[in-house]
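Just input03.pdb here, PDB, C-alpha atoms:
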ATOM      1  CA  MET A 148     182.563 100.827 108.368
ATOM      2  CA  SER A 149     182.016 104.235 106.765
ATOM      3  CA  VAL A 150     179.554 104.555 103.879
ATOM      4  CA  ALA A 151     179.963 107.044 101.011
ATOM      5  CA  HIS A 152     176.822 109.133 100.665
ATOM      6  CA  GLY A 153     177.225 109.232  96.876
ATOM      7  CA  ILE A 154     175.315 112.519  96.641
ATOM      8  CA  LYS A 155     176.613 114.406  93.627
ATOM      9  CA  ARG A 156     174.076 117.222  93.705
ATOM     10  CA  LEU A 157     171.647 118.540  96.306
ATOM     11  CA  GLY A 158     168.351 120.229  95.460
ATOM     12  CA  ILE A 159     166.755 122.310  98.231
ATOM     13  CA  LEU A 160     163.179 123.548  98.057
ATOM     14  CA  GLY A 161     162.860 126.536 100.372
ATOM     15  CA  ALA A 162     165.437 129.305 100.872
ATOM     16  CA  GLY A 163     164.347 130.378 104.333
ATOM     17  CA  GLN A 164     166.448 130.072 107.480
ATOM     18  CA  MET A 165     166.508 126.259 107.418
ATOM     19  CA  GLY A 166     166.922 125.825 103.661
ATOM     20  CA  LEU A 167     169.736 128.347 103.472
ATOM     21  CA  GLY A 168     171.420 126.835 106.529
ATOM     22  CA  ILE A 169     171.359 123.368 104.971
ATOM     23  CA  ALA A 170     172.695 124.798 101.689
ATOM     24  CA  TYR A 171     175.520 126.439 103.651
ATOM     25  CA  VAL A 172     176.769 123.300 105.430
ATOM     26  CA  ALA A 173     176.349 121.220 102.252
ATOM     27  CA  ALA A 174     178.460 123.659 100.227
ATOM     28  CA  VAL A 175     181.060 124.485 102.905
ATOM     29  CA  LYS A 176     181.455 121.182 104.755
ATOM     30  CA  ALA A 177     180.270 118.422 102.378
ATOM     31  CA  LYS A 178     181.423 120.368  99.291
ATOM     32  CA  VAL A 179     178.337 119.262  97.349
ATOM     33  CA  PRO A 180     176.866 121.450  94.556
ATOM     34  CA  VAL A 181     173.527 122.889  95.703
ATOM     35  CA  LEU A 182     170.515 123.844  93.593
ATOM     36  CA  LEU A 183     168.436 126.281  95.649
ATOM     37  CA  TYR A 184     164.816 127.149  94.852
ATOM     38  CA  ASP A 185     162.186 129.350  96.465
ATOM     39  CA  ARG A 186     159.051 130.872  94.950
ATOM     40  CA  SER A 187     159.902 134.184  96.605
ATOM     41  CA  LYS A 188     162.721 136.093  94.909
ATOM     42  CA  ASP A 189     162.901 138.312  97.980
ATOM     43  CA  GLN A 190     163.480 135.254 100.181
ATOM     44  CA  VAL A 191     166.230 134.036  97.850
ATOM     45  CA  SER A 192     167.949 137.454  98.010
ATOM     46  CA  LYS A 193     167.751 137.493 101.815
ATOM     47  CA  GLY A 194     169.062 133.940 101.980
ATOM     48  CA  LEU A 195     172.065 134.583  99.750
ATOM     49  CA  ALA A 196     172.877 137.783 101.655
ATOM     50  CA  LEU A 197     172.853 135.738 104.875
ATOM     51  CA  MET A 198     175.158 133.172 103.285
ATOM     52  CA  ASP A 199     177.657 135.876 102.299
ATOM     53  CA  LYS A 200     177.534 137.197 105.858
ATOM     54  CA  LEU A 201     178.125 133.721 107.317
ATOM     55  CA  LEU A 202     181.070 133.110 104.967
ATOM     56  CA  ASP A 203     182.698 136.401 105.978
ATOM     57  CA  LYS A 204     182.186 135.591 109.651
ATOM     58  CA  ASP A 205     183.685 132.096 109.304
ATOM     59  CA  ILE A 206     186.743 133.484 107.456
ATOM     60  CA  LYS A 207     187.357 135.931 110.317
ATOM     61  CA  LYS A 208     186.958 133.144 112.882
ATOM     62  CA  GLY A 209     189.354 130.899 110.964
ATOM     63  CA  LYS A 210     186.697 128.262 110.300
ATOM     64  CA  ILE A 211     187.225 128.732 106.561
ATOM     65  CA  GLU A 212     190.875 128.748 105.593
ATOM     66  CA  SER A 213     190.851 131.426 102.892
ATOM     67  CA  SER A 214     188.788 133.829 100.818
ATOM     68  CA  GLU A 215     189.328 131.486  97.863
ATOM     69  CA  ALA A 216     187.791 128.565  99.781
ATOM     70  CA  ALA A 217     184.808 130.765 100.699
ATOM     71  CA  LYS A 218     184.430 131.832  97.068
ATOM     72  CA  GLU A 219     184.419 128.179  95.963
ATOM     73  CA  ALA A 220     181.752 127.330  98.566
ATOM     74  CA  ARG A 221     179.598 130.268  97.485
ATOM     75  CA  GLU A 222     179.855 129.220  93.839
ATOM     76  CA  ARG A 223     178.560 125.748  94.727
ATOM     77  CA  VAL A 224     175.161 127.274  95.568
ATOM     78  CA  VAL A 225     173.158 128.099  92.452
ATOM     79  CA  VAL A 226     169.648 129.572  92.417
ATOM     80  CA  VAL A 227     167.437 127.673  89.987
ATOM     81  CA  ASP A 228     163.822 127.302  88.957
ATOM     82  CA  GLU A 229     161.649 124.529  90.394
ATOM     83  CA  SER A 230     162.218 122.047  87.574
ATOM     84  CA  GLU A 231     165.992 122.205  88.079
ATOM     85  CA  ALA A 232     165.782 121.998  91.872
ATOM     86  CA  ILE A 233     163.816 118.761  91.841
ATOM     87  CA  ARG A 234     166.624 116.863  90.117
ATOM     88  CA  GLY A 235     168.024 116.405  93.613
ATOM     89  CA  LEU A 236     165.905 117.075  96.660
ATOM     90  CA  ARG A 237     166.148 118.265 100.231
ATOM     91  CA  ASP A 238     162.818 119.591 101.445
ATOM     92  CA  ALA A 239     162.905 122.623 103.731
ATOM     93  CA  ALA A 240     159.284 123.677 103.182
ATOM     94  CA  SER A 241     157.000 124.582 106.091
ATOM     95  CA  GLU A 242     155.404 122.129 108.548
ATOM     96  CA  ASN A 243     152.276 121.445 106.512
ATOM     97  CA  PHE A 244     151.408 117.865 105.533
ATOM     98  CA  ALA A 245     149.155 118.791 102.595
ATOM     99  CA  LEU A 246     151.971 120.886 101.114
ATOM    100  CA  LYS A 247     154.569 118.149 101.644
ATOM    101  CA  ALA A 248     152.241 115.435 100.294
ATOM    102  CA  LYS A 249     151.755 117.294  97.015
ATOM    103  CA  LEU A 250     155.450 118.152  96.838
ATOM    104  CA  PHE A 251     156.722 114.613  97.401
ATOM    105  CA  SER A 252     154.152 113.058  95.082
ATOM    106  CA  ASN A 253     155.320 115.331  92.253
ATOM    107  CA  LEU A 254     158.984 114.810  93.060
ATOM    108  CA  ALA A 255     158.720 111.026  93.081
ATOM    109  CA  ALA A 256     157.305 111.146  89.561
ATOM    110  CA  GLU A 257     160.035 113.493  88.280
ATOM    111  CA  LEU A 258     163.219 112.236  89.927
ATOM    112  CA  ARG A 259     165.398 109.321  88.893
ATOM    113  CA  PRO A 260     164.848 106.147  90.978
ATOM    114  CA  ASP A 261     168.105 106.368  92.929
ATOM    115  CA  ALA A 262     167.501 109.939  94.156
ATOM    116  CA  ILE A 263     166.932 110.272  97.901
ATOM    117  CA  LEU A 264     163.850 112.260  98.929
ATOM    118  CA  ALA A 265     164.714 113.827 102.293
ATOM    119  CA  SER A 266     162.467 115.989 104.438
ATOM    120  CA  ASN A 267     163.589 118.414 107.120
ATOM    121  CA  THR A 268     160.253 118.008 108.908
ATOM    122  CA  SER A 269     160.468 118.317 112.681
ATOM    123  CA  SER A 270     157.245 116.432 113.420
ATOM    124  CA  ILE A 271     155.290 115.191 110.367
ATOM    125  CA  SER A 272     155.245 111.423 109.870
ATOM    126  CA  ILE A 273     157.887 110.222 107.404
ATOM    127  CA  THR A 274     155.743 107.121 106.863
ATOM    128  CA  LYS A 275     152.830 109.292 105.683
ATOM    129  CA  ILE A 276     155.134 111.367 103.459
ATOM    130  CA  ALA A 277     156.659 108.200 101.962
ATOM    131  CA  ALA A 278     153.197 106.828 101.155
ATOM    132  CA  THR A 279     152.468 109.889  98.978
ATOM    133  CA  THR A 280     155.346 108.964  96.648
ATOM    134  CA  ILE A 281     153.757 105.677  95.540
ATOM    135  CA  PRO A 282     152.515 106.037  91.942
ATOM    136  CA  GLN A 283     148.764 106.107  91.414
ATOM    137  CA  GLY A 284     147.442 102.624  90.676
ATOM    138  CA  GLN A 285     150.354 100.915  92.417
ATOM    139  CA  SER A 286     149.940  98.982  95.657
ATOM    140  CA  PRO A 287     152.201  99.925  98.596
ATOM    141  CA  SER A 288     153.206  96.240  98.697
ATOM    142  CA  SER A 289     154.123  96.085  94.998
ATOM    143  CA  ASP A 290     157.782  96.229  93.962
ATOM    144  CA  VAL A 291     157.221  99.687  92.453
ATOM    145  CA  GLY A 292     155.410 100.930  95.578
ATOM    146  CA  LYS A 293     158.058  99.631  97.956
ATOM    147  CA  ALA A 294     160.918 101.000  95.841
ATOM    148  CA  SER A 295     159.359 104.469  95.701
ATOM    149  CA  ALA A 296     158.708 104.700  99.453
ATOM    150  CA  SER A 297     162.107 103.230 100.314
ATOM    151  CA  ARG A 298     163.984 106.367  99.231
ATOM    152  CA  VAL A 299     162.144 108.740 101.613
ATOM    153  CA  VAL A 300     163.905 109.690 104.834
ATOM    154  CA  GLY A 301     163.740 112.363 107.519
ATOM    155  CA  LEU A 302     166.847 114.504 108.002
ATOM    156  CA  HIS A 303     165.917 116.895 110.787
ATOM    157  CA  PHE A 304     168.509 119.670 111.009
ATOM    158  CA  PHE A 305     168.292 122.139 113.892
ATOM    159  CA  ASN A 306     168.197 125.919 113.736
ATOM    160  CA  PRO A 307     170.586 127.683 113.203
ATOM    161  CA  VAL A 308     171.941 124.912 110.972
ATOM    162  CA  PRO A 309     175.553 126.207 110.669
ATOM    163  CA  VAL A 310     175.823 126.288 114.487
ATOM    164  CA  MET A 311     173.763 123.383 115.835
ATOM    165  CA  PRO A 312     175.785 120.140 115.704
ATOM    166  CA  LEU A 313     172.904 117.629 115.540
ATOM    167  CA  VAL A 314     170.854 115.961 112.810
ATOM    168  CA  GLU A 315     167.987 113.656 113.756
ATOM    169  CA  LEU A 316     167.611 110.773 111.288
ATOM    170  CA  ILE A 317     164.099 109.336 110.890
ATOM    171  CA  SER A 318     163.044 106.370 108.808
ATOM    172  CA  GLY A 319     159.583 105.553 107.477
ATOM    173  CA  ASP A 320     158.856 102.643 109.788
ATOM    174  CA  ALA A 321     157.077 101.653 112.965
ATOM    175  CA  TRP A 322     158.575 100.660 116.302
ATOM    176  CA  MET A 323     157.071  97.167 115.860
ATOM    177  CA  ILE A 324     158.198  96.738 112.229
ATOM    178  CA  PRO A 325     161.707  98.039 111.424
ATOM    179  CA  ARG A 326     162.366  99.198 107.842
ATOM    180  CA  LEU A 327     158.669  99.315 107.001
ATOM    181  CA  GLN A 328     159.480 101.758 104.183
ATOM    182  CA  THR A 329     162.874 103.497 104.235
ATOM    183  CA  SER A 330     165.622 101.193 102.976
ATOM    184  CA  SER A 331     168.890 100.515 104.798
ATOM    185  CA  SER A 332     170.759 101.992 101.836
ATOM    186  CA  THR A 333     168.789 105.264 102.032
ATOM    187  CA  LEU A 334     169.402 105.517 105.785
ATOM    188  CA  ASP A 335     173.119 104.796 105.442
ATOM    189  CA  ARG A 336     173.589 107.361 102.671
ATOM    190  CA  ALA A 337     171.546 109.982 104.545
ATOM    191  CA  ARG A 338     173.611 109.443 107.689
ATOM    192  CA  ALA A 339     176.865 109.676 105.700
ATOM    193  CA  PHE A 340     175.705 112.931 104.125
ATOM    194  CA  ALA A 341     174.840 114.435 107.524
ATOM    195  CA  VAL A 342     178.280 113.442 108.828
ATOM    196  CA  ALA A 343     179.900 115.003 105.737
ATOM    197  CA  CYS A 344     178.046 118.211 106.664
ATOM    198  CA  GLY A 345     179.894 118.135 109.990
ATOM    199  CA  LYS A 346     176.980 116.867 112.087
ATOM    200  CA  GLU A 347     176.478 114.316 114.831
ATOM    201  CA  VAL A 348     173.567 111.972 114.108
ATOM    202  CA  THR A 349     170.912 110.469 116.357
ATOM    203  CA  VAL A 350     168.189 108.089 115.160
ATOM    204  CA  SER A 351     164.480 108.136 115.993
ATOM    205  CA  LYS A 352     161.606 105.899 115.020
ATOM    206  CA  ASP A 353     158.732 107.552 113.178
ATOM    207  CA  VAL A 354     156.595 108.582 116.139
ATOM    208  CA  PRO A 355     154.858 111.961 116.614
ATOM    209  CA  GLY A 356     157.510 114.611 117.241
ATOM    210  CA  PHE A 357     160.324 112.034 116.978
ATOM    211  CA  VAL A 358     162.632 112.313 120.036
ATOM    212  CA  SER A 359     163.532 116.005 119.921
ATOM    213  CA  ASN A 360     160.106 117.602 119.691
ATOM    214  CA  ALA A 361     158.269 114.914 121.648
ATOM    215  CA  LEU A 362     160.386 116.172 124.568
ATOM    216  CA  LEU A 363     160.838 119.865 123.736
ATOM    217  CA  MET A 364     157.398 121.019 122.600
ATOM    218  CA  PRO A 365     155.396 119.816 125.636
ATOM    219  CA  PHE A 366     157.969 121.620 127.793
ATOM    220  CA  LEU A 367     157.489 124.886 125.869
ATOM    221  CA  ASN A 368     153.712 124.408 125.813
ATOM    222  CA  GLU A 369     153.674 123.930 129.596
ATOM    223  CA  ALA A 370     155.694 127.133 130.063
ATOM    224  CA  ILE A 371     153.135 129.021 127.936
ATOM    225  CA  MET A 372     150.315 127.528 130.010
ATOM    226  CA  CYS A 373     152.044 128.819 133.152
ATOM    227  CA  LEU A 374     151.905 132.310 131.658
ATOM    228  CA  GLU A 375     148.333 131.731 130.456
ATOM    229  CA  LYS A 376     147.144 130.922 133.991
ATOM    230  CA  VAL A 377     147.144 134.358 135.586
ATOM    231  CA  GLY A 378     148.946 134.530 138.887
ATOM    232  CA  ILE A 379     151.406 131.635 138.499
ATOM    233  CA  ALA A 380     154.387 133.616 137.202
ATOM    234  CA  THR A 381     155.350 136.472 134.910
ATOM    235  CA  ARG A 382     156.990 136.019 131.528
ATOM    236  CA  ASP A 383     160.369 137.169 132.857
ATOM    237  CA  ASP A 384     160.203 134.964 135.952
ATOM    238  CA  ILE A 385     159.334 131.863 133.919
ATOM    239  CA  ASP A 386     162.352 132.385 131.674
ATOM    240  CA  LYS A 387     164.624 133.405 134.569
ATOM    241  CA  THR A 388     163.699 130.280 136.551
ATOM    242  CA  LEU A 389     164.830 127.979 133.740
ATOM    243  CA  ARG A 390     167.937 130.009 132.877
ATOM    244  CA  LEU A 391     169.276 130.350 136.403
ATOM    245  CA  GLY A 392     167.693 127.343 138.100
ATOM    246  CA  MET A 393     168.215 124.751 135.352
ATOM    247  CA  ASN A 394     171.214 126.359 133.588
ATOM    248  CA  HIS A 395     169.350 126.611 130.274
ATOM    249  CA  PRO A 396     171.000 129.043 127.826
ATOM    250  CA  MET A 397     167.646 130.782 127.289
ATOM    251  CA  GLY A 398     164.200 130.592 128.843
ATOM    252  CA  PRO A 399     161.379 128.562 127.240
ATOM    253  CA  LEU A 400     159.368 131.608 126.145
ATOM    254  CA  THR A 401     162.425 133.158 124.481
ATOM    255  CA  LEU A 402     163.173 129.830 122.804
ATOM    256  CA  ALA A 403     159.595 129.561 121.528
ATOM    257  CA  ASP A 404     159.940 133.055 120.031
ATOM    258  CA  PHE A 405     163.163 132.040 118.281
ATOM    259  CA  ILE A 406     161.667 128.819 116.894
ATOM    260  CA  GLY A 407     158.524 130.631 115.729
ATOM    261  CA  LEU A 408     155.207 130.369 117.557
ATOM    262  CA  ASP A 409     153.445 129.137 114.407
ATOM    263  CA  THR A 410     155.975 126.312 114.147
ATOM    264  CA  CYS A 411     155.555 125.482 117.840
ATOM    265  CA  LEU A 412     151.781 125.362 117.399
ATOM    266  CA  ALA A 413     151.969 123.191 114.268
ATOM    267  CA  ILE A 414     154.219 120.659 116.026
ATOM    268  CA  GLN A 415     152.123 120.668 119.198
ATOM    269  CA  ARG A 416     149.002 119.986 117.132
ATOM    270  CA  THR A 417     150.811 117.105 115.394
ATOM    271  CA  LEU A 418     151.607 115.610 118.802
ATOM    272  CA  TYR A 419     148.018 116.068 119.992
ATOM    273  CA  GLU A 420     146.396 114.685 116.853
ATOM    274  CA  GLY A 421     148.959 111.903 116.435
ATOM    275  CA  THR A 422     148.540 110.530 119.955
ATOM    276  CA  GLY A 423     145.036 111.619 120.974
ATOM    277  CA  ASP A 424     146.514 112.324 124.419
ATOM    278  CA  SER A 425     145.091 115.418 126.145
ATOM    279  CA  LYS A 426     148.459 116.176 127.749
ATOM    280  CA  TYR A 427     149.550 117.479 124.319
ATOM    281  CA  ARG A 428     146.647 119.943 123.920
ATOM    282  CA  PRO A 429     148.076 123.231 122.634
ATOM    283  CA  SER A 430     147.892 126.235 124.927
ATOM    284  CA  VAL A 431     144.985 128.553 124.134
ATOM    285  CA  LEU A 432     147.336 131.526 124.538
ATOM    286  CA  LEU A 433     149.695 130.031 121.936
ATOM    287  CA  GLU A 434     146.798 129.595 119.504
ATOM    288  CA  ARG A 435     145.601 133.177 120.022
ATOM    289  CA  MET A 436     149.068 134.655 119.563
ATOM    290  CA  VAL A 437     149.459 132.824 116.255
ATOM    291  CA  ASP A 438     145.961 134.005 115.217
ATOM    292  CA  ALA A 439     147.119 137.571 115.953
ATOM    293  CA  GLY A 440     150.239 137.167 113.802
ATOM    294  CA  TRP A 441     152.532 137.348 116.819
ATOM    295  CA  LEU A 442     154.917 134.642 115.649
ATOM    296  CA  GLY A 443     158.014 135.546 117.634
ATOM    297  CA  LYS A 444     161.326 136.944 116.441
ATOM    298  CA  LYS A 445     160.565 136.535 112.721
ATOM    299  CA  SER A 446     157.462 138.761 112.942
ATOM    300  CA  GLY A 447     158.952 141.268 115.390
ATOM    301  CA  LYS A 448     156.619 140.344 118.217
ATOM    302  CA  GLY A 449     155.953 137.265 120.316
ATOM    303  CA  PHE A 450     156.377 136.922 124.056
ATOM    304  CA  TYR A 451     159.006 139.638 123.593
ATOM    305  CA  ASP A 452     159.382 142.547 121.172
ATOM    306  CA  TYR A 453     162.179 142.389 118.542
TER     307      TYR A 453
END

Would you mind writing the file out in structure tokens?
Amino acid sequence: MSVAHGIKRLGILGAGQMGLGIAYVAAVKAKVPVLLYDRSKDQVSKGLALMDKLLDKDIKKGKIESSEAAKEARERVVVVDESEAIRGLRDAASENFALKAKLFSNLAAELRPDAILASNTSSISITKIAATTIPQGQSPSSDVGKASASRVVGLHFFNPVPVMPLVELISGDAWMIPRLQTSSSTLDRARAFAVACGKEVTVSKDVPGFVSNALLMPFLNEAIMCLEKVGIATRDDIDKTLRLGMNHPMGPLTLADFIGLDTCLAIQRTLYEGTGDSKYRPSVLLERMVDAGWLGKKSGKGFYDY
């Protein structure tokens, strides 16, 4: 039985590649009004310019039926200040728990009780994020504490959002105790919203890296370690082996550059710290490249030059 998501307005904090991508599919596919906020006016300008470019491209490809439909979608996205954006929330801030903890704590206090608090995190524990929403002085087991945490969910979109067909849905729970925090209603509405955005949905328990990055990041980290260990293989041969031998659309080092080496490192550290397993230790080369500001495509230099 299908469930109506009931989302009348979407607030997005962060107008970078992910935030803008989510705003795009929400406005074009789900036809939901979007309130977009970012502290950087330059980032907002870049994001809106990208949206205009994507709309033009989709009109030419026939994915959007008319210029009028594109105009209506564009008008659904409104740039606002922070106080307006938090009336409805979709978090697309960076992979930093301290930042998200402060953000979600403030949002829980400001938003109406039936608002869903969704994070686009690709690795940070939804259970930990949900715990930050419990009002000070309230027990997690109290009715108020449980109600606050129950509206937090992970909606992990993939980059580039308008192209990638998957959303990973994560609840604040444990594999031993289903529905520890996130309510069934929140999960059902979040899934329905993702489907309305034109996405397929998979579900993961709240474990380090979820399914996607628990599999992907160790693979990328191992490829970097192969490069780190002089004499095993060159950068080009590592990527060529996976492209031609395994039929991957791009090699692991290219993919790491596209994701962002700082993001790869943050997720790999989450896996390492969350499990205590040495097999997840981040590559020293990856750490040094991030220290140097070589973050991949977004900085102009990573394993390749851009």

Specify as a PyMOL selection string each residue included when the PyMOL selection byres ((chain A and resi 169-185) around 9) is applied to this file.
chain A and resi 154-168+186-188+190-191+198+201-202+211+216-217+219-229+231-237+239+304+308-309+340-345

Can you work out which one of A:Ile414, A:Leu367, A:Leu195, A:Val314 has the shortest atom-to-atom distance to Gly398 in chain A, counting all atoms listed in the file?
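Residue with the minimum atom-to-atom distance to Gly398 in chain A: A:Leu367.
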
Please tell me which residues are no farther than 10 Å from (158.2, 131.5, 121.9) in the file, counting all atoms listed in the file, and write them as a VMD selection string.
chain A and resid 367 to 368 370 to 371 398 to 412 433 436 441 to 444 448 to 451

Please save C-alpha atoms of the selected residues as a compact mmCIF listing (two decimals), in the frame of the given file.
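Done, and the output landed in result-v4.txt:
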# COMPACT_ATOMS: atom_id res chain seq x y z
CA LEU A 367 157.49 124.89 125.87
CA ASN A 368 153.71 124.41 125.81
CA ALA A 370 155.69 127.13 130.06
CA ILE A 371 153.14 129.02 127.94
CA GLY A 398 164.20 130.59 128.84
CA PRO A 399 161.38 128.56 127.24
CA LEU A 400 159.37 131.61 126.14
CA THR A 401 162.43 133.16 124.48
CA LEU A 402 163.17 129.83 122.80
CA ALA A 403 159.60 129.56 121.53
CA ASP A 404 159.94 133.06 120.03
CA PHE A 405 163.16 132.04 118.28
CA ILE A 406 161.67 128.82 116.89
CA GLY A 407 158.52 130.63 115.73
CA LEU A 408 155.21 130.37 117.56
CA ASP A 409 153.44 129.14 114.41
CA THR A 410 155.98 126.31 114.15
CA CYS A 411 155.56 125.48 117.84
CA LEU A 412 151.78 125.36 117.40
CA LEU A 433 149.70 130.03 121.94
CA MET A 436 149.07 134.66 119.56
CA TRP A 441 152.53 137.35 116.82
CA LEU A 442 154.92 134.64 115.65
CA GLY A 443 158.01 135.55 117.63
CA LYS A 444 161.33 136.94 116.44
CA LYS A 448 156.62 140.34 118.22
CA GLY A 449 155.95 137.26 120.32
CA PHE A 450 156.38 136.92 124.06
CA TYR A 451 159.01 139.64 123.59

Written as a list in words, which residues does the PyMOL selection byres ((chain A and resi 242-254) around 8) give for the file shown?
Ile233, Ala240, Ser241, Ala255, Ala256, Glu257, Leu258, Leu264, Thr268, Ser269, Ser270, Ile271, Ile276, Ala277, Thr279, Thr280, Ile281, Pro282, Thr410, Ala413 and Ile414 of chain A

Record the distance separating CA of Pro260 in chain A and CA of Arg298 in chain A, expressed in Å with one decimal.
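Spanning CA of Pro260 in chain A to CA of Arg298 in chain A is a straight-line distance of 8.3 Å.
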
Quick one: distance from CA of Ala361 in chain A to CA of Leu302 in chain A in Å, one decimal?
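So the two atoms, CA of Ala361 in chain A and CA of Leu302 in chain A, lie 16.1 Å apart.
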
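Each of A:Gly153, A:Thr422, A:Asn267, A:Phe366 was checked against Thr333 in chain A using all atoms listed in the file; the smallest atom-to-atom distance is that of A:Gly153.
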
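Our summary of the geometry notes that CA of Lys352 in chain A is positioned 23.8 Å from CA of Val291 in chain A.
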
Close residues, range 375-379 of chain A itself excluded, 8 Å, only C-alpha atoms, min 2 positions apart in chain, as a list in words:
Ile371, Met372, Cys373, Thr381, Ser430, Val431 and Leu432 of chain A

Would you save the residues from that selection as a PDB file, in the frame of the given file, using C-alpha atoms?
ATOM      1  CA  ILE A 371     153.135 129.021 127.936  1.00  0.00           C
ATOM      2  CA  MET A 372     150.315 127.528 130.010  1.00  0.00           C
ATOM      3  CA  CYS A 373     152.044 128.819 133.152  1.00  0.00           C
ATOM      4  CA  THR A 381     155.350 136.472 134.910  1.00  0.00           C
ATOM      5  CA  SER A 430     147.892 126.235 124.927  1.00  0.00           C
ATOM      6  CA  VAL A 431     144.985 128.553 124.134  1.00  0.00           C
ATOM      7  CA  LEU A 432     147.336 131.526 124.538  1.00  0.00           C
TER       8      LEU A 432
END

Would you compute, for all listed atoms of range 329-346 of chain A, the axis-aligned bounding box grown by 6 Å on each side, and then report its centre and edge lengths in Å rounded to one decimal, as lines of an AutoDock Vina configuration file?
center_x = 171.4
center_y = 109.4
center_z = 107.0
size_x = 29.0
size_y = 29.7
size_z = 22.3
